[in-house]
Structure formats: C-alpha cells, structure tokens
file query-v5.txt (compact mmCIF, N, CA and C atoms)
# COMPACT_ATOMS: atom_id res chain seq x y z
N MET A 141 -62.15 31.29 -4.75
CA MET A 141 -62.70 32.60 -5.00
C MET A 141 -64.21 32.52 -4.98
N ILE A 142 -64.86 33.43 -4.25
CA ILE A 142 -66.31 33.47 -4.19
C ILE A 142 -66.80 34.48 -5.22
N VAL A 143 -67.72 34.06 -6.03
CA VAL A 143 -68.36 34.97 -6.98
C VAL A 143 -69.56 35.57 -6.27
N SER A 144 -69.63 36.88 -6.22
CA SER A 144 -70.68 37.54 -5.47
C SER A 144 -72.00 37.53 -6.21
N ASN A 145 -73.07 37.21 -5.49
CA ASN A 145 -74.43 37.27 -6.02
C ASN A 145 -75.06 38.62 -5.73
N GLU A 146 -74.37 39.47 -5.04
CA GLU A 146 -74.99 40.68 -4.55
C GLU A 146 -74.71 41.88 -5.43
N ALA A 147 -75.63 42.80 -5.44
CA ALA A 147 -75.43 44.10 -6.06
C ALA A 147 -74.87 45.02 -4.97
N PRO A 148 -74.23 46.12 -5.38
CA PRO A 148 -73.73 47.03 -4.37
C PRO A 148 -74.87 47.48 -3.44
N GLY A 149 -74.62 47.44 -2.14
CA GLY A 149 -75.62 47.88 -1.18
C GLY A 149 -76.63 46.82 -0.78
N PHE A 150 -76.62 45.66 -1.42
CA PHE A 150 -77.56 44.60 -1.07
C PHE A 150 -77.02 43.86 0.15
N VAL A 151 -77.81 43.85 1.22
CA VAL A 151 -77.39 43.21 2.46
C VAL A 151 -78.49 42.28 2.94
N VAL A 152 -78.11 41.10 3.37
CA VAL A 152 -79.04 40.18 4.02
C VAL A 152 -78.89 40.42 5.52
N HIS A 153 -79.96 40.90 6.15
CA HIS A 153 -79.97 41.18 7.58
C HIS A 153 -80.57 39.96 8.28
N VAL A 154 -79.78 39.30 9.11
CA VAL A 154 -80.21 38.11 9.84
C VAL A 154 -80.42 38.48 11.30
N VAL A 155 -81.63 38.19 11.82
CA VAL A 155 -81.95 38.51 13.21
C VAL A 155 -82.34 37.22 13.92
N ASP A 156 -81.50 36.80 14.86
CA ASP A 156 -81.77 35.60 15.65
C ASP A 156 -81.01 35.72 16.96
N ASP A 157 -81.67 35.43 18.06
CA ASP A 157 -81.01 35.56 19.36
C ASP A 157 -80.10 34.39 19.70
N ASP A 158 -80.11 33.35 18.89
CA ASP A 158 -79.23 32.20 19.11
C ASP A 158 -77.93 32.43 18.32
N PRO A 159 -76.80 32.65 19.00
CA PRO A 159 -75.55 32.94 18.29
C PRO A 159 -75.15 31.83 17.32
N ALA A 160 -75.41 30.58 17.66
CA ALA A 160 -75.04 29.47 16.77
C ALA A 160 -75.84 29.54 15.47
N VAL A 161 -77.12 29.85 15.57
CA VAL A 161 -77.96 29.97 14.37
C VAL A 161 -77.50 31.17 13.54
N CYS A 162 -77.27 32.30 14.20
CA CYS A 162 -76.81 33.50 13.49
C CYS A 162 -75.51 33.22 12.74
N ASN A 163 -74.56 32.61 13.42
CA ASN A 163 -73.27 32.33 12.79
C ASN A 163 -73.40 31.34 11.65
N ALA A 164 -74.23 30.32 11.82
CA ALA A 164 -74.42 29.32 10.76
C ALA A 164 -75.07 29.95 9.53
N LEU A 165 -76.10 30.78 9.74
CA LEU A 165 -76.76 31.43 8.61
C LEU A 165 -75.82 32.41 7.92
N LYS A 166 -75.08 33.16 8.71
CA LYS A 166 -74.11 34.11 8.14
C LYS A 166 -73.09 33.36 7.27
N PHE A 167 -72.54 32.29 7.81
CA PHE A 167 -71.55 31.52 7.06
C PHE A 167 -72.15 30.97 5.76
N ALA A 168 -73.30 30.33 5.85
CA ALA A 168 -73.91 29.72 4.67
C ALA A 168 -74.24 30.76 3.60
N LEU A 169 -74.77 31.90 4.01
CA LEU A 169 -75.13 32.94 3.04
C LEU A 169 -73.89 33.60 2.45
N GLU A 170 -72.84 33.78 3.26
CA GLU A 170 -71.60 34.36 2.73
C GLU A 170 -70.93 33.40 1.75
N VAL A 171 -70.98 32.11 2.02
CA VAL A 171 -70.43 31.12 1.08
C VAL A 171 -71.15 31.24 -0.26
N ASP A 172 -72.45 31.55 -0.21
CA ASP A 172 -73.23 31.75 -1.44
C ASP A 172 -73.02 33.13 -2.05
N GLY A 173 -72.16 33.95 -1.44
CA GLY A 173 -71.78 35.22 -2.03
C GLY A 173 -72.54 36.43 -1.55
N PHE A 174 -73.34 36.30 -0.50
CA PHE A 174 -74.12 37.43 -0.01
C PHE A 174 -73.39 38.19 1.08
N ASN A 175 -73.64 39.49 1.13
CA ASN A 175 -73.16 40.35 2.20
C ASN A 175 -74.16 40.21 3.34
N VAL A 176 -73.71 39.84 4.54
CA VAL A 176 -74.61 39.51 5.64
C VAL A 176 -74.27 40.34 6.88
N ARG A 177 -75.30 40.85 7.53
CA ARG A 177 -75.15 41.48 8.84
C ARG A 177 -76.05 40.72 9.80
N THR A 178 -75.57 40.49 11.00
CA THR A 178 -76.35 39.75 11.98
C THR A 178 -76.69 40.62 13.19
N TYR A 179 -77.82 40.31 13.79
CA TYR A 179 -78.32 41.03 14.96
C TYR A 179 -78.89 40.00 15.92
N ALA A 180 -78.66 40.20 17.22
CA ALA A 180 -79.14 39.26 18.23
C ALA A 180 -80.49 39.66 18.81
N ARG A 181 -80.84 40.94 18.70
CA ARG A 181 -82.07 41.42 19.33
C ARG A 181 -82.80 42.38 18.41
N SER A 182 -84.09 42.49 18.60
CA SER A 182 -84.90 43.44 17.83
C SER A 182 -84.37 44.86 18.01
N GLU A 183 -83.99 45.17 19.23
CA GLU A 183 -83.50 46.52 19.54
C GLU A 183 -82.24 46.85 18.73
N ASP A 184 -81.40 45.84 18.49
CA ASP A 184 -80.19 46.06 17.69
C ASP A 184 -80.54 46.46 16.27
N VAL A 185 -81.55 45.81 15.72
CA VAL A 185 -81.99 46.13 14.35
C VAL A 185 -82.58 47.52 14.30
N LEU A 186 -83.43 47.84 15.26
CA LEU A 186 -84.09 49.15 15.27
C LEU A 186 -83.10 50.28 15.46
N ALA A 187 -81.97 50.02 16.09
CA ALA A 187 -80.94 51.04 16.30
C ALA A 187 -79.97 51.15 15.13
N ALA A 188 -79.98 50.16 14.24
CA ALA A 188 -79.02 50.11 13.12
C ALA A 188 -79.50 50.98 11.97
N GLU A 189 -78.53 51.38 11.16
CA GLU A 189 -78.86 52.05 9.91
C GLU A 189 -78.90 50.95 8.85
N LEU A 190 -80.11 50.60 8.43
CA LEU A 190 -80.29 49.50 7.49
C LEU A 190 -80.19 50.00 6.06
N SER A 191 -79.56 49.18 5.23
CA SER A 191 -79.50 49.52 3.81
C SER A 191 -80.91 49.41 3.23
N ARG A 192 -81.18 50.15 2.19
CA ARG A 192 -82.50 50.11 1.55
C ARG A 192 -82.57 48.99 0.52
N GLY A 193 -81.45 48.37 0.22
CA GLY A 193 -81.43 47.23 -0.69
C GLY A 193 -81.05 45.99 0.07
N GLY A 194 -81.85 44.98 -0.06
CA GLY A 194 -81.54 43.75 0.63
C GLY A 194 -82.79 43.06 1.10
N CYS A 195 -82.63 42.23 2.13
CA CYS A 195 -83.77 41.54 2.70
C CYS A 195 -83.50 41.23 4.16
N MET A 196 -84.57 40.80 4.83
CA MET A 196 -84.50 40.46 6.25
C MET A 196 -84.80 38.98 6.42
N ILE A 197 -84.02 38.32 7.27
CA ILE A 197 -84.32 36.96 7.72
C ILE A 197 -84.45 37.08 9.23
N VAL A 198 -85.65 36.84 9.73
CA VAL A 198 -85.95 37.14 11.12
C VAL A 198 -86.55 35.92 11.81
N ASP A 199 -85.98 35.57 12.95
CA ASP A 199 -86.55 34.50 13.77
C ASP A 199 -87.83 35.04 14.41
N TYR A 200 -88.83 34.19 14.52
CA TYR A 200 -90.08 34.63 15.15
C TYR A 200 -89.90 34.82 16.65
N ASN A 201 -89.22 33.90 17.30
CA ASN A 201 -89.09 33.92 18.76
C ASN A 201 -87.88 34.71 19.20
N LEU A 202 -88.05 36.02 19.26
CA LEU A 202 -86.99 36.90 19.73
C LEU A 202 -87.38 37.46 21.09
N PRO A 203 -86.40 37.78 21.93
CA PRO A 203 -86.75 38.45 23.19
C PRO A 203 -87.28 39.86 22.87
N GLY A 204 -88.20 40.33 23.66
CA GLY A 204 -88.78 41.65 23.39
C GLY A 204 -89.81 41.52 22.29
N LEU A 205 -89.63 42.25 21.21
CA LEU A 205 -90.54 42.15 20.07
C LEU A 205 -90.34 40.82 19.36
N ASN A 206 -91.43 40.15 19.00
CA ASN A 206 -91.25 38.95 18.18
C ASN A 206 -90.93 39.38 16.75
N GLY A 207 -90.58 38.43 15.91
CA GLY A 207 -90.15 38.75 14.55
C GLY A 207 -91.16 39.53 13.74
N LEU A 208 -92.43 39.18 13.83
CA LEU A 208 -93.46 39.90 13.07
C LEU A 208 -93.67 41.30 13.60
N ASP A 209 -93.60 41.48 14.92
CA ASP A 209 -93.71 42.82 15.49
C ASP A 209 -92.52 43.68 15.06
N LEU A 210 -91.34 43.09 15.00
CA LEU A 210 -90.15 43.81 14.53
C LEU A 210 -90.36 44.28 13.09
N LEU A 211 -90.83 43.39 12.23
CA LEU A 211 -91.03 43.77 10.83
C LEU A 211 -92.11 44.83 10.69
N ARG A 212 -93.15 44.75 11.50
CA ARG A 212 -94.20 45.78 11.48
C ARG A 212 -93.63 47.12 11.90
N GLU A 213 -92.76 47.13 12.93
CA GLU A 213 -92.14 48.38 13.37
C GLU A 213 -91.22 48.95 12.30
N LEU A 214 -90.49 48.09 11.60
CA LEU A 214 -89.64 48.58 10.50
C LEU A 214 -90.50 49.20 9.40
N ASP A 215 -91.61 48.56 9.07
CA ASP A 215 -92.53 49.13 8.08
C ASP A 215 -93.02 50.50 8.54
N ARG A 216 -93.37 50.60 9.81
CA ARG A 216 -93.84 51.87 10.36
C ARG A 216 -92.77 52.96 10.22
N ARG A 217 -91.49 52.54 10.29
CA ARG A 217 -90.37 53.48 10.14
C ARG A 217 -89.95 53.66 8.69
N ASP A 218 -90.77 53.18 7.79
CA ASP A 218 -90.55 53.31 6.34
C ASP A 218 -89.34 52.52 5.85
N VAL A 219 -89.06 51.40 6.50
CA VAL A 219 -88.02 50.46 6.05
C VAL A 219 -88.77 49.25 5.50
N HIS A 220 -88.82 49.16 4.18
CA HIS A 220 -89.60 48.11 3.52
C HIS A 220 -88.66 47.20 2.74
N LEU A 221 -88.28 46.09 3.36
CA LEU A 221 -87.41 45.11 2.72
C LEU A 221 -88.16 43.78 2.63
N PRO A 222 -87.91 43.00 1.58
CA PRO A 222 -88.49 41.66 1.57
C PRO A 222 -88.04 40.92 2.83
N ALA A 223 -88.96 40.14 3.40
CA ALA A 223 -88.65 39.50 4.67
C ALA A 223 -89.06 38.04 4.70
N PHE A 224 -88.27 37.26 5.44
CA PHE A 224 -88.53 35.85 5.65
C PHE A 224 -88.53 35.60 7.14
N LEU A 225 -89.56 34.95 7.63
CA LEU A 225 -89.67 34.59 9.02
C LEU A 225 -89.24 33.15 9.17
N ILE A 226 -88.27 32.89 10.04
CA ILE A 226 -87.84 31.52 10.27
C ILE A 226 -88.36 31.09 11.64
N THR A 227 -89.01 29.94 11.66
CA THR A 227 -89.61 29.44 12.89
C THR A 227 -89.91 27.96 12.74
N SER A 228 -90.15 27.32 13.86
CA SER A 228 -90.53 25.90 13.85
C SER A 228 -92.02 25.78 14.13
N ASN A 229 -92.70 24.99 13.35
CA ASN A 229 -94.12 24.71 13.56
C ASN A 229 -94.94 25.96 13.88
N PRO A 230 -95.01 26.92 12.96
CA PRO A 230 -95.76 28.14 13.26
C PRO A 230 -97.25 27.87 13.47
N ALA A 231 -97.80 28.49 14.49
CA ALA A 231 -99.23 28.39 14.77
C ALA A 231 -100.02 29.09 13.67
N LEU A 232 -101.29 28.77 13.58
CA LEU A 232 -102.15 29.35 12.55
C LEU A 232 -102.17 30.88 12.63
N HIS A 233 -102.22 31.44 13.85
CA HIS A 233 -102.24 32.90 13.97
C HIS A 233 -100.93 33.52 13.47
N VAL A 234 -99.82 32.83 13.64
CA VAL A 234 -98.53 33.33 13.12
C VAL A 234 -98.54 33.29 11.60
N ARG A 235 -99.01 32.20 11.03
CA ARG A 235 -99.12 32.10 9.57
C ARG A 235 -100.03 33.20 8.99
N SER A 236 -101.17 33.42 9.66
CA SER A 236 -102.12 34.43 9.19
C SER A 236 -101.51 35.82 9.24
N ARG A 237 -100.86 36.13 10.35
CA ARG A 237 -100.22 37.45 10.47
C ARG A 237 -99.11 37.63 9.44
N ALA A 238 -98.31 36.60 9.25
CA ALA A 238 -97.22 36.69 8.27
C ALA A 238 -97.78 36.94 6.88
N THR A 239 -98.82 36.22 6.51
CA THR A 239 -99.45 36.41 5.21
C THR A 239 -99.98 37.83 5.08
N ALA A 240 -100.65 38.32 6.11
CA ALA A 240 -101.21 39.67 6.08
C ALA A 240 -100.11 40.73 5.94
N GLN A 241 -98.93 40.45 6.51
CA GLN A 241 -97.82 41.40 6.43
C GLN A 241 -96.95 41.18 5.19
N GLY A 242 -97.27 40.18 4.38
CA GLY A 242 -96.48 39.92 3.19
C GLY A 242 -95.13 39.29 3.50
N VAL A 243 -95.06 38.53 4.59
CA VAL A 243 -93.82 37.92 5.03
C VAL A 243 -93.88 36.42 4.76
N ALA A 244 -92.88 35.91 4.05
CA ALA A 244 -92.81 34.47 3.77
C ALA A 244 -92.26 33.75 5.00
N ILE A 245 -92.82 32.57 5.28
CA ILE A 245 -92.32 31.75 6.38
C ILE A 245 -91.46 30.62 5.81
N ILE A 246 -90.30 30.46 6.40
CA ILE A 246 -89.44 29.32 6.08
C ILE A 246 -89.27 28.56 7.38
N GLU A 247 -89.75 27.32 7.39
CA GLU A 247 -89.77 26.54 8.62
C GLU A 247 -88.42 25.90 8.91
N LYS A 248 -88.08 25.90 10.21
CA LYS A 248 -86.91 25.19 10.69
C LYS A 248 -87.30 23.72 10.86
N PRO A 249 -86.45 22.79 10.66
CA PRO A 249 -85.06 23.00 10.26
C PRO A 249 -84.97 23.43 8.79
N LEU A 250 -84.00 24.29 8.54
CA LEU A 250 -83.78 24.77 7.19
C LEU A 250 -83.13 23.67 6.38
N LEU A 251 -83.72 23.34 5.25
CA LEU A 251 -83.24 22.22 4.45
C LEU A 251 -82.58 22.69 3.16
N GLY A 252 -81.44 22.09 2.84
CA GLY A 252 -80.76 22.36 1.57
C GLY A 252 -80.49 23.83 1.36
N ASN A 253 -80.75 24.28 0.15
CA ASN A 253 -80.51 25.67 -0.24
C ASN A 253 -81.77 26.52 -0.15
N GLN A 254 -82.76 26.06 0.58
CA GLN A 254 -84.05 26.73 0.65
C GLN A 254 -83.91 28.22 0.98
N LEU A 255 -83.13 28.55 1.98
CA LEU A 255 -83.00 29.94 2.40
C LEU A 255 -82.23 30.76 1.36
N SER A 256 -81.12 30.25 0.86
CA SER A 256 -80.34 30.96 -0.16
C SER A 256 -81.17 31.20 -1.42
N GLU A 257 -81.95 30.21 -1.81
CA GLU A 257 -82.80 30.36 -2.98
C GLU A 257 -83.87 31.42 -2.76
N ALA A 258 -84.45 31.46 -1.55
CA ALA A 258 -85.45 32.48 -1.24
C ALA A 258 -84.83 33.87 -1.27
N VAL A 259 -83.63 33.99 -0.71
CA VAL A 259 -82.93 35.28 -0.73
C VAL A 259 -82.63 35.69 -2.17
N ARG A 260 -82.12 34.75 -2.94
CA ARG A 260 -81.79 35.03 -4.34
C ARG A 260 -83.04 35.46 -5.12
N ASP A 261 -84.17 34.80 -4.88
CA ASP A 261 -85.42 35.16 -5.54
C ASP A 261 -85.87 36.57 -5.15
N SER A 262 -85.75 36.91 -3.87
CA SER A 262 -86.15 38.25 -3.45
C SER A 262 -85.24 39.30 -4.06
N PHE A 263 -83.99 38.95 -4.19
CA PHE A 263 -82.98 39.78 -4.82
C PHE A 263 -83.35 40.03 -6.29
N ALA A 264 -83.74 38.97 -7.00
CA ALA A 264 -84.13 39.09 -8.41
C ALA A 264 -85.41 39.92 -8.55
N ARG A 265 -86.38 39.70 -7.67
CA ARG A 265 -87.64 40.47 -7.75
C ARG A 265 -87.42 41.94 -7.49
N SER A 266 -86.39 42.25 -6.70
CA SER A 266 -86.08 43.66 -6.41
C SER A 266 -85.37 44.33 -7.57
N GLY A 267 -85.00 43.54 -8.59
CA GLY A 267 -84.31 44.10 -9.74
C GLY A 267 -82.85 44.43 -9.44
N LEU A 268 -82.29 43.77 -8.43
CA LEU A 268 -80.91 44.07 -8.03
C LEU A 268 -79.89 43.13 -8.63
N CYS A 269 -80.34 42.19 -9.47
CA CYS A 269 -79.33 41.30 -10.04
C CYS A 269 -79.46 41.28 -11.55
call {"tool": "encode", "arguments": {"input": "query-v5.txt", "output": "structure tokens"}}
result
Amino acid sequence: MIVSNEAPGFVVHVVDDDPAVCNALKFALEVDGFNVRTYARSEDVLAAELSRGGCMIVDYNLPGLNGLDLLRELDRRDVHLPAFLITSNPALHVRSRATAQGVAIIEKPLLGNQLSEAVRDSFARSGLC
C-alpha cells in the first residue's frame, strides 16, 4: 500500500522529451506517493489544463521552447508553480537565467532521493501538506 504524500489537486508535472526519462521519473515519484502527469513537448504542456497546486519538473533541452522559455511562457499565462530544471552541466547563462526566474536546477544524473525531496519541500512550502 502506498501512503500518499499529496494533497488533493497536487500534481507533479514532468516535462521531458526522452520517454525513458519521463517514465522513470513518473515511476519513482509515484512510488513516493505523488500524482504525476508527463509531457513530451513544451506544446503539450501549453495545451494542457494544469492544476494550480503542484510543481513542474522540466528538462532544459526540449524541442521547440527550452525548459526556461516554457516556464517563462507559463508565468506569462499566469500559471505560477514551483519549478525544477533538470539538466546536465548547465552553462553559466542557464544558471543565471534559472536564478532570475526563481527556478531551482537539479543536475543529471539524479542521485538518490534528491528530486523527491525537492518536490516534497516545494509541496511543504506551498502549504499543501
């Protein structure tokens, strides 16, 4: 039996164009009790009706809009969710932009429970647990 860490309506939105990464993150987060939705492209996220409670886990290297551009567009559309950018060896300009946008970077490879703990922390800061 999985004990849920989530509040009603809390969804972890995972955006990555690599199906293996999306499936692995979905599985790991669901095992930890989170409700997860996955998206392969920025356009899929922009077309979706996103819950107002939850967080975003977004790969930087997406086709079309990169992860930070996607998050900026969501902000422009008044969708403000805590966000984590997952990437390998981010360049200084990526780090600077992420900091300016209030987006935490979690570097690949993802180690241990780093991602689940970050999601749980964002969940707690939102007052949803």
call {"tool": "select_by_dssp", "arguments": {"input": "query-v5.txt", "residues": "chain A", "states": "strand (DSSP E or B)", "output": "PDB file with N, CA and C atoms, keeping the file's coordinate frame"}}
result
ATOM      1  N   PHE A 150     -76.620  45.660  -1.420  1.00  0.00           N
ATOM      2  CA  PHE A 150     -77.560  44.600  -1.070  1.00  0.00           C
ATOM      3  C   PHE A 150     -77.020  43.860   0.150  1.00  0.00           C
ATOM      4  N   VAL A 151     -77.810  43.850   1.220  1.00  0.00           N
ATOM      5  CA  VAL A 151     -77.390  43.210   2.460  1.00  0.00           C
ATOM      6  C   VAL A 151     -78.490  42.280   2.940  1.00  0.00           C
ATOM      7  N   VAL A 152     -78.110  41.100   3.370  1.00  0.00           N
ATOM      8  CA  VAL A 152     -79.040  40.180   4.020  1.00  0.00           C
ATOM      9  C   VAL A 152     -78.890  40.420   5.520  1.00  0.00           C
ATOM     10  N   HIS A 153     -79.960  40.900   6.150  1.00  0.00           N
ATOM     11  CA  HIS A 153     -79.970  41.180   7.580  1.00  0.00           C
ATOM     12  C   HIS A 153     -80.570  39.960   8.280  1.00  0.00           C
ATOM     13  N   VAL A 154     -79.780  39.300   9.110  1.00  0.00           N
ATOM     14  CA  VAL A 154     -80.210  38.110   9.840  1.00  0.00           C
ATOM     15  C   VAL A 154     -80.420  38.480  11.300  1.00  0.00           C
ATOM     16  N   VAL A 155     -81.630  38.190  11.820  1.00  0.00           N
ATOM     17  CA  VAL A 155     -81.950  38.510  13.210  1.00  0.00           C
ATOM     18  C   VAL A 155     -82.340  37.220  13.920  1.00  0.00           C
ATOM     19  N   VAL A 176     -73.710  39.840   4.540  1.00  0.00           N
ATOM     20  CA  VAL A 176     -74.610  39.510   5.640  1.00  0.00           C
ATOM     21  C   VAL A 176     -74.270  40.340   6.880  1.00  0.00           C
ATOM     22  N   ARG A 177     -75.300  40.850   7.530  1.00  0.00           N
ATOM     23  CA  ARG A 177     -75.150  41.480   8.840  1.00  0.00           C
ATOM     24  C   ARG A 177     -76.050  40.720   9.800  1.00  0.00           C
ATOM     25  N   THR A 178     -75.570  40.490  11.000  1.00  0.00           N
ATOM     26  CA  THR A 178     -76.350  39.750  11.980  1.00  0.00           C
ATOM     27  C   THR A 178     -76.690  40.620  13.190  1.00  0.00           C
ATOM     28  N   TYR A 179     -77.820  40.310  13.790  1.00  0.00           N
ATOM     29  CA  TYR A 179     -78.320  41.030  14.960  1.00  0.00           C
ATOM     30  C   TYR A 179     -78.890  40.000  15.920  1.00  0.00           C
ATOM     31  N   GLY A 193     -81.450  48.370   0.220  1.00  0.00           N
ATOM     32  CA  GLY A 193     -81.430  47.230  -0.690  1.00  0.00           C
ATOM     33  C   GLY A 193     -81.050  45.990   0.070  1.00  0.00           C
ATOM     34  N   GLY A 194     -81.850  44.980  -0.060  1.00  0.00           N
ATOM     35  CA  GLY A 194     -81.540  43.750   0.630  1.00  0.00           C
ATOM     36  C   GLY A 194     -82.790  43.060   1.100  1.00  0.00           C
ATOM     37  N   CYS A 195     -82.630  42.230   2.130  1.00  0.00           N
ATOM     38  CA  CYS A 195     -83.770  41.540   2.700  1.00  0.00           C
ATOM     39  C   CYS A 195     -83.500  41.230   4.160  1.00  0.00           C
ATOM     40  N   MET A 196     -84.570  40.800   4.830  1.00  0.00           N
ATOM     41  CA  MET A 196     -84.500  40.460   6.250  1.00  0.00           C
ATOM     42  C   MET A 196     -84.800  38.980   6.420  1.00  0.00           C
ATOM     43  N   ILE A 197     -84.020  38.320   7.270  1.00  0.00           N
ATOM     44  CA  ILE A 197     -84.320  36.960   7.720  1.00  0.00           C
ATOM     45  C   ILE A 197     -84.450  37.080   9.230  1.00  0.00           C
ATOM     46  N   VAL A 198     -85.650  36.840   9.730  1.00  0.00           N
ATOM     47  CA  VAL A 198     -85.950  37.140  11.120  1.00  0.00           C
ATOM     48  C   VAL A 198     -86.550  35.920  11.810  1.00  0.00           C
ATOM     49  N   ASP A 199     -85.980  35.570  12.950  1.00  0.00           N
ATOM     50  CA  ASP A 199     -86.550  34.500  13.770  1.00  0.00           C
ATOM     51  C   ASP A 199     -87.830  35.040  14.410  1.00  0.00           C
ATOM     52  N   ALA A 223     -88.960  40.140   3.400  1.00  0.00           N
ATOM     53  CA  ALA A 223     -88.650  39.500   4.670  1.00  0.00           C
ATOM     54  C   ALA A 223     -89.060  38.040   4.700  1.00  0.00           C
ATOM     55  N   PHE A 224     -88.270  37.260   5.440  1.00  0.00           N
ATOM     56  CA  PHE A 224     -88.530  35.850   5.650  1.00  0.00           C
ATOM     57  C   PHE A 224     -88.530  35.600   7.140  1.00  0.00           C
ATOM     58  N   LEU A 225     -89.560  34.950   7.630  1.00  0.00           N
ATOM     59  CA  LEU A 225     -89.670  34.590   9.020  1.00  0.00           C
ATOM     60  C   LEU A 225     -89.240  33.150   9.170  1.00  0.00           C
ATOM     61  N   ILE A 226     -88.270  32.890  10.040  1.00  0.00           N
ATOM     62  CA  ILE A 226     -87.840  31.520  10.270  1.00  0.00           C
ATOM     63  C   ILE A 226     -88.360  31.090  11.640  1.00  0.00           C
ATOM     64  N   THR A 227     -89.010  29.940  11.660  1.00  0.00           N
ATOM     65  CA  THR A 227     -89.610  29.440  12.890  1.00  0.00           C
ATOM     66  C   THR A 227     -89.910  27.960  12.740  1.00  0.00           C
ATOM     67  N   ALA A 244     -92.880  35.910   4.050  1.00  0.00           N
ATOM     68  CA  ALA A 244     -92.810  34.470   3.770  1.00  0.00           C
ATOM     69  C   ALA A 244     -92.260  33.750   5.000  1.00  0.00           C
ATOM     70  N   ILE A 245     -92.820  32.570   5.280  1.00  0.00           N
ATOM     71  CA  ILE A 245     -92.320  31.750   6.380  1.00  0.00           C
ATOM     72  C   ILE A 245     -91.460  30.620   5.810  1.00  0.00           C
ATOM     73  N   ILE A 246     -90.300  30.460   6.400  1.00  0.00           N
ATOM     74  CA  ILE A 246     -89.440  29.320   6.080  1.00  0.00           C
ATOM     75  C   ILE A 246     -89.270  28.560   7.380  1.00  0.00           C
ATOM     76  N   GLU A 247     -89.750  27.320   7.390  1.00  0.00           N
ATOM     77  CA  GLU A 247     -89.770  26.540   8.620  1.00  0.00           C
ATOM     78  C   GLU A 247     -88.420  25.900   8.910  1.00  0.00           C
TER      79      GLU A 247
END
call {"tool": "closest_atom_pairs", "arguments": {"input": "query-v5.txt", "of": "stretch 176-205 of chain A", "to": "stretch 156-160 of chain A", "cutoff": "6 Å", "atoms": "all atoms listed in the file", "output": "Markdown table"}}
result
| residue | atom | partner | partner_atom | distance |
| --- | --- | --- | --- | --- |
| A:Tyr179 | C | A:Asp156 | N | 4.3 |
| A:Ala180 | C | A:Asp157 | CA | 4.2 |
| A:Arg181 | N | A:Asp157 | CA | 5.4 |
| A:Val198 | CA | A:Asp156 | N | 5.8 |
| A:Asp199 | N | A:Asp156 | CA | 5.0 |
| A:Leu202 | CA | A:Asp157 | N | 5.8 |
call {"tool": "atom_distance", "arguments": {"input": "query-v5.txt", "atom1": "atom CA of A:Gly194", "atom2": "atom C of A:Leu232"}}
result
27.1 Å
call {"tool": "select_by_dssp", "arguments": {"input": "query-v5.txt", "residues": "chain A", "states": "helix (DSSP H, G or I)", "output": "PyMOL selection string"}}
result
chain A and resi 159-171+182-187+207-216+232-241+254-265
call {"tool": "closest_atom_pairs", "arguments": {"input": "query-v5.txt", "of": "stretch 234-267 of chain A", "to": "stretch 165-170 of chain A", "cutoff": "12 Å", "atoms": "only C-alpha atoms", "output": "CSV"}}
result
residue,atom,partner,partner_atom,distance
A:Pro249,CA,A:Leu165,CA,11.9
A:Leu250,CA,A:Leu165,CA,9.8
A:Leu251,CA,A:Ala168,CA,12.0
A:Gly252,CA,A:Ala168,CA,10.5
A:Asn253,CA,A:Ala168,CA,9.2
A:Gln254,CA,A:Leu169,CA,11.1
A:Leu255,CA,A:Leu169,CA,8.4
A:Ser256,CA,A:Leu169,CA,6.4
A:Glu257,CA,A:Leu169,CA,10.1
A:Ala258,CA,A:Leu169,CA,11.2
A:Val259,CA,A:Leu169,CA,9.0
A:Arg260,CA,A:Leu169,CA,10.2
call {"tool": "atom_distance", "arguments": {"input": "query-v5.txt", "atom1": "atom CA of A:Leu214", "atom2": "atom CA of A:Asp261"}}
result
21.3 Å
call {"tool": "atom_distance", "arguments": {"input": "query-v5.txt", "atom1": "atom CA of A:Arg216", "atom2": "atom CA of A:Arg237"}}
result
15.8 Å
